[in-house]
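See structure below.
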Amino acid sequence: MGTWGTNNFENDTAADWIIGFEENPTAVFLLETIQHVFNEDYLDTDISCEALAAIEVIAAVKKHPAVDFSELPTVDIDLLTPYIDQPLLNAAQKAIERITSEADNEIYELWKDSNNLGEWLAVQESLSQRLTAQ
């Protein structure tokens with residue numbers, strides 16, 4: 001993976017996912033991205049990065065964007081507000097839990113090997129809190 005940073009948009013996979021989201025800016029696209037996390041026995045880094053980007057978009061729709069979230073010039077994310085329902089939020093929270101779990105998880109292993117695991121986990125904790133903030 002290129003462009004590697006602890007924030008969820010500091011990687012090429014998330015940047016590529018944003019392009020796909022701009023082409024299909026729907027809650028269904030967000031949910032499908034998140035659900036991929038649960039389809040894998042061994043969680044691939046790219047799937048994790050895409051899911052975290054989707055969850056960051058949800059947090060931004062809820063008016064709690066990440067520091068590295070930039071406006072999407074072709075998408076009015078406020079139009080998604082009515083579609084950010086409790087089942088989507090629950091799926092997003094469970095995905096964060098899966099992504100930050102040590103078991104069968106490539107991204108966790110990569111962060112652990114980089115000695116930046118604590119910083120990356122703090123970013124995910126912030127995301128979880130922003131997701132549930134009113």
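Following the order of the structure tokens, chains are lettered A, B, ..., residues in each are numbered from 1, and ligands are numbered from 1.
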
### Task
Considering only C-alpha atoms, return as a ChimeraX atom specification whatever protein or nucleic-acid residues lie within 12 Å of A:Asp12, sequence-local ones (same chain, fewer than 4 positions apart) excluded.
/A:1-5,7-8,16-19,45-46,49-50,53

### Task
Please provide the set of residues having any atom within 9 Å of A:Ile84, restricted to only C-alpha atoms, with same-chain residues fewer than 2 positions apart removed, written as a ChimeraX atom specification.
/A:27,58,61-62,80-82,86-89

#### Entry: Counting only C-alpha atoms, the residue of A:Leu52, A:Leu43, A:Ala14, A:Ile77 that sits nearest A:Glu125
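Residue with the minimum atom-to-atom distance to A:Glu125: A:Leu52.
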
### Task
Just list the residues in chain A DSSP gives helix (DSSP H, G or I) on the backbone, as a VMD selection string.
chain A and resid 12 to 23 27 to 39 45 to 61 77 to 83 86 to 99 106 to 114 117 to 132

Resulting file, chosen residues, C-alpha atoms, as a short mmCIF file (atom, residue, chain, number, x, y, z; two decimals), in the first residue's frame:
data_model
loop_
_atom_site.label_atom_id
_atom_site.label_comp_id
_atom_site.auth_asym_id
_atom_site.auth_seq_id
_atom_site.Cartn_x
_atom_site.Cartn_y
_atom_site.Cartn_z
CA ASP A 12 -3.89 5.11 -1.63
CA THR A 13 -6.63 2.53 -1.09
CA ALA A 14 -8.85 5.04 0.72
CA ALA A 15 -8.16 7.63 -1.98
CA ASP A 16 -9.18 5.15 -4.66
CA TRP A 17 -12.30 4.20 -2.70
CA ILE A 18 -13.31 7.88 -2.51
CA ILE A 19 -13.28 8.02 -6.32
CA GLY A 20 -15.66 5.05 -6.40
CA PHE A 21 -17.87 6.66 -3.78
CA GLU A 22 -18.04 9.89 -5.78
CA GLU A 23 -19.36 7.82 -8.69
CA ALA A 27 -25.80 4.74 1.72
CA VAL A 28 -26.02 1.35 -0.03
CA PHE A 29 -22.46 1.80 -1.33
CA LEU A 30 -21.31 2.69 2.18
CA LEU A 31 -23.01 -0.36 3.70
CA GLU A 32 -21.72 -2.74 1.03
CA THR A 33 -18.18 -1.47 1.60
CA ILE A 34 -18.50 -1.99 5.35
CA GLN A 35 -20.03 -5.46 4.98
CA HIS A 36 -16.94 -6.71 3.10
CA VAL A 37 -15.16 -6.67 6.47
CA PHE A 38 -17.37 -9.54 7.61
CA ASN A 39 -16.98 -11.64 4.45
CA THR A 45 -5.69 -4.49 4.46
CA ASP A 46 -7.42 -3.03 1.40
CA ILE A 47 -10.85 -4.12 2.65
CA SER A 48 -10.08 -2.54 6.02
CA CYS A 49 -8.91 0.72 4.46
CA GLU A 50 -12.00 0.96 2.27
CA ALA A 51 -14.32 0.24 5.21
CA LEU A 52 -12.59 2.83 7.39
CA ALA A 53 -12.95 5.40 4.59
CA ALA A 54 -16.67 4.58 4.33
CA ILE A 55 -17.07 4.91 8.08
CA GLU A 56 -15.24 8.24 7.98
CA VAL A 57 -17.76 9.45 5.39
CA ILE A 58 -20.59 8.42 7.72
CA ALA A 59 -18.96 10.35 10.57
CA ALA A 60 -18.63 13.37 8.26
CA VAL A 61 -22.30 13.13 7.31
CA ILE A 77 -22.84 14.37 1.65
CA ASP A 78 -25.62 16.20 3.51
CA LEU A 79 -28.05 14.47 1.14
CA LEU A 80 -27.10 11.19 2.85
CA THR A 81 -28.22 12.36 6.30
CA PRO A 82 -31.67 10.69 6.19
CA TYR A 83 -30.06 7.37 5.22
CA GLN A 86 -29.10 2.82 13.29
CA PRO A 87 -28.47 -0.43 11.35
CA LEU A 88 -25.78 1.33 9.28
CA LEU A 89 -24.23 2.84 12.40
CA ASN A 90 -24.27 -0.57 14.12
CA ALA A 91 -22.56 -2.19 11.13
CA ALA A 92 -19.95 0.58 11.14
CA GLN A 93 -19.22 0.11 14.85
CA LYS A 94 -18.91 -3.66 14.45
CA ALA A 95 -16.59 -3.14 11.49
CA ILE A 96 -14.32 -0.91 13.58
CA GLU A 97 -14.22 -3.62 16.24
CA ARG A 98 -13.30 -6.26 13.62
CA ILE A 99 -10.68 -4.04 11.98
CA GLU A 106 -3.51 -7.99 8.07
CA ILE A 107 -3.83 -4.27 8.83
CA TYR A 108 -3.45 -4.89 12.56
CA GLU A 109 -0.32 -6.94 11.90
CA LEU A 110 1.13 -4.23 9.66
CA TRP A 111 0.55 -1.51 12.26
CA LYS A 112 1.94 -3.71 15.00
CA ASP A 113 5.10 -4.33 12.95
CA SER A 114 5.46 -0.61 12.25
CA LEU A 117 -0.09 0.51 16.46
CA GLY A 118 -1.03 2.71 19.43
CA GLU A 119 -1.36 5.82 17.28
CA TRP A 120 -3.42 3.98 14.66
CA LEU A 121 -5.69 2.46 17.34
CA ALA A 122 -6.21 5.94 18.81
CA VAL A 123 -7.40 7.15 15.39
CA GLN A 124 -9.90 4.27 15.24
CA GLU A 125 -11.10 5.00 18.79
CA SER A 126 -11.65 8.61 17.76
CA LEU A 127 -13.62 7.41 14.74
CA SER A 128 -15.78 5.21 16.94
CA GLN A 129 -16.48 8.12 19.27
CA ARG A 130 -17.23 10.50 16.40
CA LEU A 131 -19.61 7.95 14.95
CA THR A 132 -21.69 7.82 18.13
#

### Message
Please compute the atom CA of A:Asn116-atom CA of A:Thr6 distance, one decimal, in Å.
### Response
7.7 Å

### Task
Work out how far atom CA of A:Asn115 is from atom CA of A:Ser101, in Å to one decimal.
16.3 Å

### Shell around A:Tyr42 at 9 Å using only C-alpha atoms, local window under 5 positions removed, as a ChimeraX atom specification
/A:103-106

### Message
Calculated over only C-alpha atoms, which of the candidates A:Pro25, A:Leu72, A:Val67, A:Asp44 has the smallest distance to A:Glu10?
### Response
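Nearest to A:Glu10: A:Val67.
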